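*Asks:* One file: run.cif (mmCIF, C-alpha atoms).
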```cif
data_final
loop_
_atom_site.label_atom_id
_atom_site.label_comp_id
_atom_site.auth_asym_id
_atom_site.auth_seq_id
_atom_site.Cartn_x
_atom_site.Cartn_y
_atom_site.Cartn_z
CA MET A 28 12.19 -19.71 -14.28
CA LEU A 29 12.41 -16.43 -16.20
CA SER A 30 10.63 -16.55 -19.55
CA ASP A 31 12.30 -15.65 -22.84
CA HIS A 32 10.42 -12.34 -22.85
CA PHE A 33 11.01 -11.54 -19.17
CA ARG A 34 10.89 -7.88 -18.16
CA ALA A 35 12.17 -6.42 -14.88
CA GLU A 36 9.30 -3.97 -14.48
CA PRO A 37 5.72 -4.00 -13.17
CA PHE A 38 3.27 -6.01 -15.26
CA TRP A 39 0.75 -3.21 -14.67
CA TRP A 40 2.78 -0.82 -16.85
CA GLN A 41 1.87 -2.77 -19.97
CA LYS A 42 -1.57 -1.13 -20.01
CA ALA A 43 -0.62 2.02 -18.13
CA PRO A 44 2.93 3.20 -18.88
CA LEU A 45 4.26 5.88 -16.58
CA ALA A 46 3.29 9.36 -17.71
CA GLU A 47 5.86 10.69 -20.11
CA SER A 48 7.61 13.71 -18.71
CA SER A 49 8.95 16.58 -20.74
CA THR A 50 11.05 17.56 -17.75
CA SER A 51 14.46 18.88 -18.68
CA LYS A 52 16.95 21.43 -17.44
CA THR A 53 14.89 24.06 -19.24
CA THR A 54 11.65 23.17 -17.43
CA ARG A 55 10.47 26.24 -15.57
CA LEU A 56 8.82 25.92 -12.20
CA PRO A 57 6.51 28.66 -10.95
CA ASN A 58 8.21 31.24 -8.75
CA ASN A 59 5.30 31.21 -6.31
CA ILE A 60 2.62 28.63 -5.54
CA ASP A 61 -0.06 28.27 -2.92
CA VAL A 62 0.51 24.55 -2.26
CA MET A 63 3.48 22.37 -3.11
CA VAL A 64 3.09 18.59 -2.79
CA VAL A 65 6.19 16.39 -2.70
CA GLY A 66 5.34 12.93 -4.05
CA SER A 67 3.11 11.94 -6.97
CA GLY A 68 1.52 8.74 -5.64
CA TYR A 69 -2.08 8.27 -4.56
CA THR A 70 -1.61 10.36 -1.40
CA GLY A 71 -0.07 13.37 -3.09
CA LEU A 72 -2.41 13.40 -6.07
CA HIS A 73 -5.55 13.14 -3.93
CA ALA A 74 -4.31 16.00 -1.74
CA ALA A 75 -3.52 18.10 -4.81
CA LEU A 76 -6.93 17.42 -6.32
CA GLN A 77 -8.62 18.82 -3.21
CA THR A 78 -6.47 21.94 -2.98
CA THR A 79 -6.75 22.70 -6.70
CA ARG A 80 -10.51 22.31 -6.73
CA ALA A 81 -10.68 24.56 -3.67
CA GLY A 82 -9.02 27.31 -5.70
CA PHE A 83 -5.41 27.00 -4.54
CA SER A 84 -2.64 26.98 -7.14
CA THR A 85 -0.93 23.61 -6.64
CA LEU A 86 2.31 22.03 -7.82
CA VAL A 87 3.12 18.30 -7.49
CA VAL A 88 6.76 17.26 -7.91
CA ASP A 89 8.48 13.89 -7.78
CA ALA A 90 12.14 12.90 -7.80
CA GLU A 91 11.32 10.13 -10.30
CA ALA A 92 8.75 9.73 -13.05
CA LEU A 93 5.23 10.54 -11.90
CA GLY A 94 3.78 7.48 -10.17
CA ASN A 95 7.01 5.50 -10.25
CA GLY A 96 6.67 4.42 -6.60
CA CYS A 97 4.36 1.87 -5.02
CA SER A 98 1.22 3.49 -6.43
CA SER A 99 1.98 1.71 -9.72
CA ARG A 100 3.80 -1.26 -8.16
CA ASN A 101 1.37 -2.66 -5.57
CA GLY A 102 -0.72 -5.82 -5.88
CA GLY A 103 -4.01 -4.04 -6.50
CA GLN A 104 -5.61 -5.54 -3.40
CA VAL A 105 -7.98 -3.16 -1.62
CA SER A 106 -8.69 -4.16 1.98
CA THR A 107 -10.91 -2.76 4.71
CA SER A 108 -8.59 -3.79 7.51
CA LEU A 109 -5.89 -2.19 9.63
CA LYS A 110 -2.75 -3.98 10.76
CA GLY A 111 -3.38 -3.02 14.38
CA ASP A 112 -5.09 -5.44 16.80
CA TYR A 113 -8.51 -4.17 17.92
CA LYS A 114 -8.11 -5.15 21.58
CA GLU A 115 -4.72 -3.46 21.72
CA LEU A 116 -6.18 -0.30 20.16
CA VAL A 117 -8.95 -0.30 22.77
CA ARG A 118 -6.34 -0.56 25.51
CA ARG A 119 -4.32 2.33 24.08
CA TYR A 120 -7.00 4.69 22.82
CA GLY A 121 -10.30 3.59 24.33
CA PRO A 122 -13.25 1.85 22.64
CA ASN A 123 -14.63 4.90 20.81
CA GLN A 124 -11.44 5.83 18.99
CA ALA A 125 -10.52 2.20 18.35
CA LEU A 126 -13.91 1.70 16.71
CA ALA A 127 -13.47 4.91 14.70
CA MET A 128 -10.06 3.73 13.45
CA PHE A 129 -11.40 0.39 12.25
CA ARG A 130 -14.41 2.07 10.66
CA GLU A 131 -12.13 4.29 8.61
CA GLY A 132 -10.71 1.18 6.98
CA ILE A 133 -14.20 0.40 5.67
CA LEU A 134 -14.93 4.05 4.83
CA ALA A 135 -11.72 4.24 2.82
CA VAL A 136 -12.83 1.45 0.49
CA ASP A 137 -16.27 3.02 0.07
CA PHE A 138 -14.61 6.39 -0.64
CA LEU A 139 -12.35 4.85 -3.27
CA GLU A 140 -15.23 3.05 -4.99
CA GLN A 141 -17.28 6.26 -5.18
CA PHE A 142 -14.29 8.31 -6.37
CA ILE A 143 -13.51 5.89 -9.21
CA LYS A 144 -17.16 5.96 -10.25
CA GLU A 145 -17.47 9.76 -10.15
CA GLU A 146 -14.19 10.36 -12.00
CA GLU A 147 -15.03 7.60 -14.51
CA ILE A 148 -11.66 5.90 -14.08
CA ASP A 149 -11.39 2.61 -15.96
CA CYS A 150 -9.14 0.54 -13.69
CA ASP A 151 -10.87 -2.87 -13.43
CA TRP A 152 -12.42 -2.03 -10.06
CA ARG A 153 -14.47 -4.81 -8.54
CA ARG A 154 -15.63 -5.99 -5.13
CA SER A 155 -13.82 -9.27 -5.57
CA GLY A 156 -13.80 -10.37 -1.93
CA HIS A 157 -10.68 -11.61 -0.20
CA PHE A 158 -9.70 -15.04 1.14
CA SER A 159 -7.06 -15.33 3.87
CA GLY A 160 -5.79 -18.87 4.36
CA ALA A 161 -4.95 -20.15 7.85
CA HIS A 162 -1.41 -21.55 7.72
CA ASN A 163 -2.22 -23.92 10.62
CA ARG A 164 -5.18 -24.94 12.76
CA ALA A 165 -4.17 -22.61 15.59
CA ALA A 166 -4.19 -19.67 13.18
CA TYR A 167 -7.71 -20.63 12.07
CA ASP A 168 -8.97 -20.72 15.65
CA THR A 169 -7.19 -17.48 16.56
CA THR A 170 -8.66 -15.69 13.53
CA ALA A 171 -12.19 -16.89 14.31
CA ARG A 172 -11.88 -15.82 17.94
CA ARG A 173 -10.46 -12.40 17.05
CA LEU A 174 -13.20 -11.67 14.52
CA SER A 175 -15.93 -12.89 16.87
CA ASN A 176 -14.77 -10.35 19.46
CA LEU A 177 -15.13 -7.38 17.10
CA PRO A 178 -18.13 -5.14 17.86
CA ILE A 179 -21.13 -5.71 15.58
CA GLU A 180 -21.52 -1.96 15.02
CA LEU A 181 -18.18 -1.95 13.22
CA GLY A 182 -19.96 -3.36 10.17
CA LEU A 183 -17.13 -5.65 9.04
CA GLU A 184 -18.41 -8.62 7.07
CA TRP A 185 -16.57 -11.93 7.36
CA GLN A 186 -17.18 -15.65 7.05
CA MET A 187 -15.03 -18.52 8.29
CA ILE A 188 -14.35 -21.10 5.57
CA SER A 189 -13.60 -24.64 6.77
CA ALA A 190 -10.75 -26.74 5.42
CA GLU A 191 -13.34 -28.97 3.75
CA ASP A 192 -14.81 -26.00 1.85
CA GLN A 193 -11.70 -23.98 1.10
CA HIS A 194 -11.40 -25.37 -2.43
CA LEU A 195 -14.46 -23.30 -3.26
CA GLU A 196 -12.20 -20.29 -2.72
CA ILE A 197 -8.64 -21.42 -3.49
CA GLY A 198 -7.01 -24.26 -5.39
CA SER A 199 -4.45 -25.15 -2.76
CA ASN A 200 -4.01 -27.77 -0.02
CA ARG A 201 -1.59 -25.51 1.83
CA TYR A 202 -4.14 -24.13 4.28
CA HIS A 203 -6.32 -25.27 7.15
CA GLY A 204 -9.39 -23.29 6.10
CA GLY A 205 -9.51 -19.53 6.33
CA VAL A 206 -11.69 -16.45 6.37
CA LEU A 207 -13.56 -14.65 3.59
CA TYR A 208 -13.93 -10.86 3.61
CA PRO A 209 -16.61 -10.10 0.99
CA GLN A 210 -16.22 -6.30 1.21
CA HIS A 211 -12.62 -6.29 -0.04
CA ALA A 212 -11.95 -5.17 -3.59
CA SER A 213 -9.35 -5.14 -6.33
CA LEU A 214 -8.17 -2.90 -9.17
CA GLN A 215 -5.38 -2.41 -11.68
CA PRO A 216 -3.12 -0.06 -9.69
CA ALA A 217 -1.31 1.66 -12.57
CA LEU A 218 -4.56 2.28 -14.45
CA TYR A 219 -6.00 3.78 -11.28
CA HIS A 220 -2.97 6.04 -10.87
CA SER A 221 -3.14 7.08 -14.52
CA GLY A 222 -6.83 7.97 -14.21
CA LEU A 223 -6.22 9.86 -10.96
CA LEU A 224 -3.36 11.79 -12.60
CA ASN A 225 -5.63 12.74 -15.50
CA SER A 226 -8.22 14.09 -13.05
CA VAL A 227 -5.57 16.10 -11.22
CA ARG A 228 -4.21 17.60 -14.41
CA SER A 229 -7.68 18.34 -15.75
CA ALA A 230 -8.42 20.25 -12.53
CA GLY A 231 -5.45 22.52 -13.26
CA THR A 232 -2.72 21.11 -11.03
CA LYS A 233 0.81 21.47 -12.39
CA THR A 234 2.78 18.20 -12.19
CA VAL A 235 6.53 17.85 -12.71
CA GLY A 236 8.47 14.60 -12.63
CA HIS A 237 12.23 14.14 -12.26
CA CYS A 238 12.31 17.14 -9.95
CA LYS A 239 14.05 16.26 -6.71
CA VAL A 240 13.34 18.40 -3.66
CA GLU A 241 16.69 19.00 -2.01
CA ARG A 242 15.77 21.27 0.88
CA ILE A 243 12.74 22.93 2.43
CA GLU A 244 13.59 26.30 3.96
CA PRO A 245 11.04 27.68 6.44
CA LEU A 246 10.30 31.39 6.19
CA SER A 247 8.37 33.73 8.42
CA SER A 248 5.44 33.00 6.14
CA GLY A 249 5.61 29.90 3.95
CA PHE A 250 8.64 28.07 2.60
CA ASN A 251 11.34 28.24 -0.01
CA VAL A 252 11.42 24.80 -1.61
CA HIS A 253 14.77 24.18 -3.26
CA THR A 254 14.64 21.59 -6.05
CA SER A 255 16.91 20.24 -8.76
CA LEU A 256 15.02 22.49 -11.21
CA GLY A 257 14.99 25.65 -9.15
CA THR A 258 13.45 27.25 -6.07
CA VAL A 259 9.73 27.73 -5.47
CA ARG A 260 8.13 29.94 -2.86
CA ALA A 261 5.22 27.94 -1.43
CA SER A 262 2.67 29.11 1.10
CA LYS A 263 2.00 25.52 2.20
CA VAL A 264 3.92 22.24 1.75
CA ALA A 265 2.85 18.60 2.01
CA ILE A 266 5.16 15.60 1.95
CA ALA A 267 3.57 12.47 0.52
CA THR A 268 6.50 10.11 0.02
CA ASN A 269 5.55 7.25 2.38
CA GLY A 270 7.88 4.27 1.78
CA TYR A 271 10.21 6.49 -0.26
CA THR A 272 10.72 9.08 2.48
CA GLY A 273 14.39 10.06 2.46
CA PRO A 274 16.59 12.63 4.22
CA LEU A 275 14.48 15.61 3.09
CA ASN A 276 12.56 15.55 6.39
CA VAL A 277 14.43 13.76 9.16
CA TRP A 278 11.47 13.82 11.57
CA GLN A 279 9.29 11.89 9.12
CA ARG A 280 12.09 9.59 8.02
CA ARG A 281 12.65 8.44 11.62
CA ARG A 282 9.00 7.36 11.82
CA ILE A 283 8.61 5.47 8.54
CA ILE A 284 10.06 2.00 8.00
CA PRO A 285 10.54 1.28 4.28
CA ILE A 286 9.93 -2.41 3.59
CA GLY A 287 10.42 -4.01 0.20
CA SER A 288 7.37 -5.52 -1.45
CA TYR A 289 8.43 -7.95 -4.16
CA MET A 290 6.14 -9.18 -6.93
CA ILE A 291 6.07 -11.41 -9.99
CA ALA A 292 3.60 -12.04 -12.80
CA THR A 293 3.72 -15.43 -14.47
CA GLU A 294 3.07 -16.32 -18.04
CA PRO A 295 -0.66 -16.75 -18.77
CA VAL A 296 -2.00 -20.15 -17.76
CA THR A 297 -4.93 -22.05 -19.22
CA GLU A 298 -8.44 -21.02 -18.27
CA SER A 299 -8.98 -24.30 -16.44
CA VAL A 300 -5.85 -23.85 -14.29
CA ALA A 301 -6.76 -20.23 -13.54
CA HIS A 302 -10.25 -21.31 -12.44
CA GLU A 303 -8.85 -24.14 -10.33
CA ILE A 304 -6.52 -21.73 -8.50
CA SER A 305 -9.10 -19.00 -7.99
CA PRO A 306 -12.64 -20.27 -8.60
CA ARG A 307 -14.28 -16.99 -7.57
CA GLY A 308 -11.66 -14.44 -8.55
CA ARG A 309 -10.74 -13.43 -5.01
CA THR A 310 -7.68 -11.58 -3.87
CA MET A 311 -5.80 -13.89 -1.50
CA THR A 312 -3.25 -13.98 1.27
CA ASP A 313 -2.52 -16.05 4.39
CA THR A 314 -2.02 -15.71 8.13
CA ARG A 315 1.74 -16.11 8.20
CA ARG A 316 3.64 -13.26 9.79
CA LEU A 317 5.82 -13.03 6.70
CA VAL A 318 2.81 -12.67 4.48
CA PHE A 319 2.40 -13.57 0.83
CA TYR A 320 -0.42 -12.08 -1.23
CA TYR A 321 -1.68 -13.12 -4.64
CA ARG A 322 -4.46 -13.08 -7.20
CA MET A 323 -5.22 -14.25 -10.70
CA TYR A 324 -5.43 -11.38 -13.18
CA GLU A 325 -5.97 -11.78 -16.92
CA GLY A 326 -4.91 -15.42 -16.69
CA ARG A 327 -1.66 -14.68 -14.83
CA MET A 328 -0.72 -15.31 -11.25
CA ILE A 329 0.28 -12.03 -9.60
CA PHE A 330 2.28 -13.12 -6.55
CA GLY A 331 4.00 -10.94 -3.96
CA GLY A 332 5.72 -11.15 -0.62
CA ARG A 333 8.56 -10.04 1.62
CA VAL A 334 11.36 -12.26 0.34
CA ALA A 335 14.22 -9.81 0.90
CA LEU A 336 15.17 -6.80 2.99
CA SER A 337 16.71 -4.26 0.63
CA GLU A 338 17.27 -6.19 -2.61
CA THR A 339 16.50 -4.00 -5.62
CA ASP A 340 17.27 -6.44 -8.46
CA PRO A 341 13.99 -8.09 -9.54
CA ARG A 342 15.97 -10.92 -11.14
CA VAL A 343 17.23 -11.91 -7.68
CA SER A 344 13.87 -11.74 -5.90
CA ALA A 345 11.91 -13.47 -8.70
CA PRO A 346 13.17 -17.04 -8.10
CA ARG A 347 12.49 -16.72 -4.36
CA LEU A 348 8.91 -15.70 -5.06
CA HIS A 349 8.52 -18.55 -7.54
CA ILE A 350 9.56 -21.07 -4.89
CA ALA A 351 7.04 -19.67 -2.40
CA MET A 352 4.32 -19.59 -5.06
CA SER A 353 4.97 -23.20 -6.03
CA GLU A 354 4.67 -24.35 -2.42
CA ILE A 355 1.14 -22.93 -2.31
CA PHE A 356 0.21 -23.79 -5.90
CA PRO A 357 2.18 -26.84 -7.14
CA GLN A 358 0.27 -26.59 -10.42
CA LEU A 359 2.35 -23.45 -11.18
CA ALA A 360 5.75 -25.04 -10.45
CA ASN A 361 6.72 -25.09 -14.11
CA THR A 362 5.12 -21.80 -15.11
CA PRO A 363 7.77 -19.20 -16.08
CA ILE A 364 7.87 -15.60 -14.89
CA ASP A 365 7.16 -12.82 -17.36
CA PHE A 366 7.55 -9.83 -15.01
CA SER A 367 9.28 -9.12 -11.72
CA TRP A 368 9.45 -5.87 -9.79
CA VAL A 369 9.85 -4.27 -6.37
CA GLY A 370 8.31 -1.34 -4.51
CA PHE A 371 8.70 0.01 -0.99
CA VAL A 372 5.78 0.33 1.38
CA GLY A 373 5.80 2.48 4.50
CA PHE A 374 5.28 0.81 7.89
CA THR A 375 5.16 2.50 11.28
CA PHE A 376 6.20 1.41 14.76
CA ASP A 377 2.60 1.33 15.97
CA ASN A 378 1.16 -0.32 12.82
CA LEU A 379 -1.12 2.67 12.21
CA PRO A 380 -1.27 5.32 9.47
CA HIS A 381 -0.65 8.90 10.54
CA ILE A 382 -1.91 12.21 9.18
CA GLY A 383 -1.06 15.62 10.56
CA GLU A 384 1.21 18.65 10.49
CA LYS A 385 4.69 19.12 11.92
CA ASP A 386 6.54 22.46 11.80
CA GLY A 387 4.03 23.70 9.24
CA ILE A 388 4.57 20.74 6.87
CA HIS A 389 1.59 18.48 6.25
CA TYR A 390 1.94 14.71 5.94
CA SER A 391 -0.04 11.51 5.50
CA MET A 392 1.87 8.22 5.54
CA GLY A 393 2.48 4.81 7.07
CA TYR A 394 -0.32 2.71 5.56
CA CYS A 395 1.39 -0.54 6.57
CA GLY A 396 0.52 -2.48 3.42
CA SER A 397 -3.10 -1.29 3.12
CA GLY A 398 -2.24 1.78 1.10
CA VAL A 399 -4.46 1.67 -1.98
CA SER A 400 -7.59 2.75 -0.13
CA LEU A 401 -6.06 4.44 2.93
CA SER A 402 -3.66 6.63 0.95
CA SER A 403 -6.49 7.78 -1.31
CA TYR A 404 -8.85 8.47 1.58
CA LEU A 405 -6.33 10.10 3.93
CA GLY A 406 -4.63 11.98 1.09
CA SER A 407 -7.98 13.54 0.27
CA ILE A 408 -8.51 14.53 3.91
CA MET A 409 -5.01 16.02 4.03
CA GLY A 410 -5.82 18.12 0.96
CA LYS A 411 -8.98 19.42 2.60
CA GLN A 412 -7.05 20.28 5.75
CA ILE A 413 -4.48 22.21 3.72
CA ALA A 414 -7.29 24.09 1.98
CA GLY A 415 -8.74 25.07 5.35
CA ASP A 416 -11.71 22.70 5.24
CA GLN A 417 -12.01 21.25 8.75
CA SER A 418 -15.35 19.53 8.13
CA GLN A 419 -13.80 16.08 7.82
CA ARG A 420 -11.34 14.75 10.33
CA SER A 421 -9.67 11.38 10.72
CA ALA A 422 -9.22 9.15 13.74
CA PHE A 423 -5.55 8.99 12.75
CA MET A 424 -4.98 12.72 13.18
CA ASP A 425 -3.10 14.12 16.14
CA LEU A 426 -1.83 10.71 17.28
CA LYS A 427 1.58 10.37 18.85
CA PHE A 428 3.83 9.34 15.95
CA PRO A 429 6.45 7.03 17.52
CA THR A 430 10.02 6.33 16.49
CA ARG A 431 12.83 4.31 18.09
CA SER A 432 16.19 5.20 19.55
CA PHE A 433 19.04 4.99 17.05
CA TYR A 434 16.65 4.75 14.09
CA PHE A 435 17.38 7.24 11.33
CA GLY A 436 15.81 5.58 8.29
CA ASN A 437 17.91 2.43 7.96
CA PRO A 438 15.81 -0.44 9.42
CA TRP A 439 18.72 -2.38 10.92
CA PHE A 440 16.29 -4.30 13.15
CA LEU A 441 14.40 -5.95 10.27
CA LYS A 442 16.84 -8.80 9.61
CA PRO A 443 16.63 -10.38 13.09
CA SER A 444 12.88 -9.72 13.17
CA ILE A 445 12.33 -11.46 9.85
CA LEU A 446 14.44 -14.44 10.90
CA TYR A 447 12.41 -14.70 14.11
CA TYR A 448 9.06 -14.53 12.30
CA ARG A 449 10.24 -17.01 9.68
CA LEU A 450 11.00 -19.50 12.45
CA ARG A 451 7.59 -18.88 14.04
CA ASP A 452 5.85 -19.44 10.72
CA ARG A 453 7.78 -22.63 10.05
CA PHE A 454 7.43 -24.21 13.49
CA ASN A 455 3.98 -22.82 14.37
CA PHE A 456 4.74 -21.10 17.67
#
```
So that I can check it, write out the structure of this file as structure tokens.

*Replies:*
Amino acid sequence: MLSDHFRAEPFWWQKAPLAESSTSKTTRLPNNIDVMVVGSGYTGLHAALQTTRAGFSTLVVDAEALGNGCSSRNGGQVSTSLKGDYKELVRRYGPNQALAMFREGILAVDFLEQFIKEEEIDCDWRRSGHFSGAHNRAAYDTTARRLSNLPIELGLEWQMISAEDQHLEIGSNRYHGGVLYPQHASLQPALYHSGLLNSVRSAGTKTVGHCKVERIEPLSSGFNVHTSLGTVRASKVAIATNGYTGPLNVWQRRRIIPIGSYMIATEPVTESVAHEISPRGRTMTDTRRLVFYYRMYEGRMIFGGRVALSETDPRVSAPRLHIAMSEIFPQLANTPIDFSWVGFVGFTFDNLPHIGEKDGIHYSMGYCGSGVSLSSYLGSIMGKQIAGDQSQRSAFMDLKFPTRSFYFGNPWFLKPSILYYRLRDRFNF
């Protein structure tokens, strides 16, 4: 099902190619810097923007091209929700902090909307609303009950959509109704990253791609950061690598679970088919544990899901996604794929994002699939913290950041977990 002009790269790059880098062996890094940020995605760039505008000399480096990670590879869905269950959060942290955590999901979307407006970033931002289809009747009832139990003061808007009315939202018979979240939004992720990068550079931040950090050496005051292009003395360091966190910092690596997020973009379909599939232009997903997420964009179906564990060849994952897409939308069964790509998102063992400082190194990571808004919002807070501005704190600061015994960055436990959840999704238990 690959088209004649198939490309194994993100569709988003067509309008927003990765920033060209003049990095070479002759590229000179500064000898000294106030703040060094490792990672050039949304988190790192938002942190750098805050420190630079606060008057701190700031350097952002990335082992790959700037923005090559999930910040230019995600589905462009902007949600207000956390992965954690509200009742479980109340049990663990108490009602006040649980409410504050859920509120930050809403605040993050509002923050992102205001930021895009103020920075005049053209990235197709819109409050599209989001439809989540119930994969069986029990899932519909469970969703309605869970949402009804949320406190009114949270301010989360939602509306249950019956099976009889779901065709007003989605052109599929796969679901048993669902729920509409009108506050959710969408954007073109690579355009957003490109606009954010322009703002960061305009502020005076130095950005260097293809510069791998090999070791961070703590000093009595600050750090020596050893990279493939030389050593930099940095007063403060932040790691913003999320799903791409490697052996550079073992403590962080043991707490982040990298999970592949696989996506395809089909050939353009007719206007009538596009309208049938998505009458109101929503972002969409469903209640299965092995979730798929999708939206129509510029006449194409953008379809993603967890169809592999560590596969990195988009040509292998593309047919699997096409099969899943065709089960939901039979009208796309014969529509070829123009683009296929993969990115890695960062999950945590408690399904919560975490922001803080460990051994003098700042971090913000673990957005669990809701990273477009949360990484922007929490990255900005991290930057303020680094700059000494304590006026804004997050409910996700100073939380215990759990790991598991015998976990060192290779998620060996995912395969049996995925098989288990696949069975539960198939047999509805």

*Asks:* Which polymer residues have any atom within 12 Å of an atom of Val87 (chain A), counting only C-alpha atoms, with same-chain residues fewer than 6 positions away left out, as a PyMOL selection string?

*Replies:* chain A and resi 56-57+60-76+78-79+93-94+224+227-228+231-240+259+261+264-268

*Asks:* Take the residues from that selection and write them out as a short mmCIF file (atom, residue, chain, number, x, y, z; two decimals), in the coordinates of the input, keeping C-alpha atoms.

*Replies:*
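Output file again21.cif is given in full below:
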```cif
data_model
loop_
_atom_site.label_atom_id
_atom_site.label_comp_id
_atom_site.auth_asym_id
_atom_site.auth_seq_id
_atom_site.Cartn_x
_atom_site.Cartn_y
_atom_site.Cartn_z
CA LEU A 56 8.82 25.92 -12.20
CA PRO A 57 6.51 28.66 -10.95
CA ILE A 60 2.62 28.63 -5.54
CA ASP A 61 -0.06 28.27 -2.92
CA VAL A 62 0.51 24.55 -2.26
CA MET A 63 3.48 22.37 -3.11
CA VAL A 64 3.09 18.59 -2.79
CA VAL A 65 6.19 16.39 -2.70
CA GLY A 66 5.34 12.93 -4.05
CA SER A 67 3.11 11.94 -6.97
CA GLY A 68 1.52 8.74 -5.64
CA TYR A 69 -2.08 8.27 -4.56
CA THR A 70 -1.61 10.36 -1.40
CA GLY A 71 -0.07 13.37 -3.09
CA LEU A 72 -2.41 13.40 -6.07
CA HIS A 73 -5.55 13.14 -3.93
CA ALA A 74 -4.31 16.00 -1.74
CA ALA A 75 -3.52 18.10 -4.81
CA LEU A 76 -6.93 17.42 -6.32
CA THR A 78 -6.47 21.94 -2.98
CA THR A 79 -6.75 22.70 -6.70
CA LEU A 93 5.23 10.54 -11.90
CA GLY A 94 3.78 7.48 -10.17
CA LEU A 224 -3.36 11.79 -12.60
CA VAL A 227 -5.57 16.10 -11.22
CA ARG A 228 -4.21 17.60 -14.41
CA GLY A 231 -5.45 22.52 -13.26
CA THR A 232 -2.72 21.11 -11.03
CA LYS A 233 0.81 21.47 -12.39
CA THR A 234 2.78 18.20 -12.19
CA VAL A 235 6.53 17.85 -12.71
CA GLY A 236 8.47 14.60 -12.63
CA HIS A 237 12.23 14.14 -12.26
CA CYS A 238 12.31 17.14 -9.95
CA LYS A 239 14.05 16.26 -6.71
CA VAL A 240 13.34 18.40 -3.66
CA VAL A 259 9.73 27.73 -5.47
CA ALA A 261 5.22 27.94 -1.43
CA VAL A 264 3.92 22.24 1.75
CA ALA A 265 2.85 18.60 2.01
CA ILE A 266 5.16 15.60 1.95
CA ALA A 267 3.57 12.47 0.52
CA THR A 268 6.50 10.11 0.02
#
```

*Asks:* For the file shown, report as a list in words the outcome of the PyMOL selection byres ((chain A and resi 322) around 8) at residue level.

*Replies:*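 Taken over the shown coordinates, the PyMOL selection byres ((chain A and resi 322) around 8) returns Ser305, Gly308, Arg309, Thr310, Met311, Tyr320, Tyr321, Met323, Tyr324, Met328, Ile329 and Phe330 of chain A.
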
*Asks:* Find the residues around Thr293 (chain A) up to 8 Å (all atoms listed in the file counted), leave out those fewer than 4 positions away in its own chain, and share them as a list in words.

*Replies:* Arg327, Met328, Ile329, Thr362, Pro363, Ile364, Asp365 and Phe366 of chain A

*Asks:* Which value, in Å to one decimal, gives the distance between CA of Gly270 (chain A) and CA of Tyr394 (chain A)?

*Replies:*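 Separation of CA of Gly270 (chain A) and CA of Tyr394 (chain A): 9.2 Å.
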
*Asks:* Just how far from CA of Gly198 (chain A) is CA of Glu303 (chain A), in Å to one decimal?

*Replies:*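 Interatomic distance, CA of Glu303 (chain A) to CA of Gly198 (chain A): 5.3 Å.
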
*Asks:* Have a look at CA of Asp89 (chain A) and CA of Leu401 (chain A) and let me know their distance in Å, one decimal.

*Replies:* 20.4 Å

*Asks:* Using the chain letters and numbers from the file, which residues does the PyMOL selection byres ((chain A and resi 214) around 6) grab, as a PyMOL selection string?

*Replies:* chain A and resi 103+150-152+213+215-216

*Asks:* May I ask you to restore N, CA, C and O atoms in region 396-403 of chain A and write the result as an mmCIF file, keeping the file's coordinate frame?

*Replies:*
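As a result, out.cif now contains:
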```
data_model
loop_
_atom_site.group_PDB
_atom_site.id
_atom_site.type_symbol
_atom_site.label_atom_id
_atom_site.label_comp_id
_atom_site.auth_asym_id
_atom_site.auth_seq_id
_atom_site.Cartn_x
_atom_site.Cartn_y
_atom_site.Cartn_z
ATOM 1 N N GLY A 396 0.933 -1.454 4.362
ATOM 2 C CA GLY A 396 0.520 -2.480 3.420
ATOM 3 C C GLY A 396 -0.923 -2.409 2.992
ATOM 4 O O GLY A 396 -1.357 -3.217 2.178
ATOM 5 N N SER A 397 -1.699 -1.459 3.519
ATOM 6 C CA SER A 397 -3.100 -1.290 3.120
ATOM 7 C C SER A 397 -3.286 0.066 2.445
ATOM 8 O O SER A 397 -4.260 0.774 2.673
ATOM 9 N N GLY A 398 -2.337 0.401 1.571
ATOM 10 C CA GLY A 398 -2.240 1.780 1.100
ATOM 11 C C GLY A 398 -3.144 2.185 -0.031
ATOM 12 O O GLY A 398 -3.361 3.374 -0.233
ATOM 13 N N VAL A 399 -3.677 1.245 -0.811
ATOM 14 C CA VAL A 399 -4.460 1.670 -1.980
ATOM 15 C C VAL A 399 -5.657 2.505 -1.547
ATOM 16 O O VAL A 399 -5.888 3.599 -2.070
ATOM 17 N N SER A 400 -6.412 2.010 -0.592
ATOM 18 C CA SER A 400 -7.590 2.750 -0.130
ATOM 19 C C SER A 400 -7.219 3.825 0.884
ATOM 20 O O SER A 400 -7.704 4.960 0.809
ATOM 21 N N LEU A 401 -6.378 3.484 1.860
ATOM 22 C CA LEU A 401 -6.060 4.440 2.930
ATOM 23 C C LEU A 401 -5.321 5.654 2.408
ATOM 24 O O LEU A 401 -5.575 6.786 2.846
ATOM 25 N N SER A 402 -4.391 5.477 1.469
ATOM 26 C CA SER A 402 -3.660 6.630 0.950
ATOM 27 C C SER A 402 -4.580 7.552 0.157
ATOM 28 O O SER A 402 -4.435 8.773 0.199
ATOM 29 N N SER A 403 -5.536 6.966 -0.552
ATOM 30 C CA SER A 403 -6.490 7.780 -1.310
ATOM 31 C C SER A 403 -7.381 8.569 -0.354
ATOM 32 O O SER A 403 -7.579 9.781 -0.496
#
```
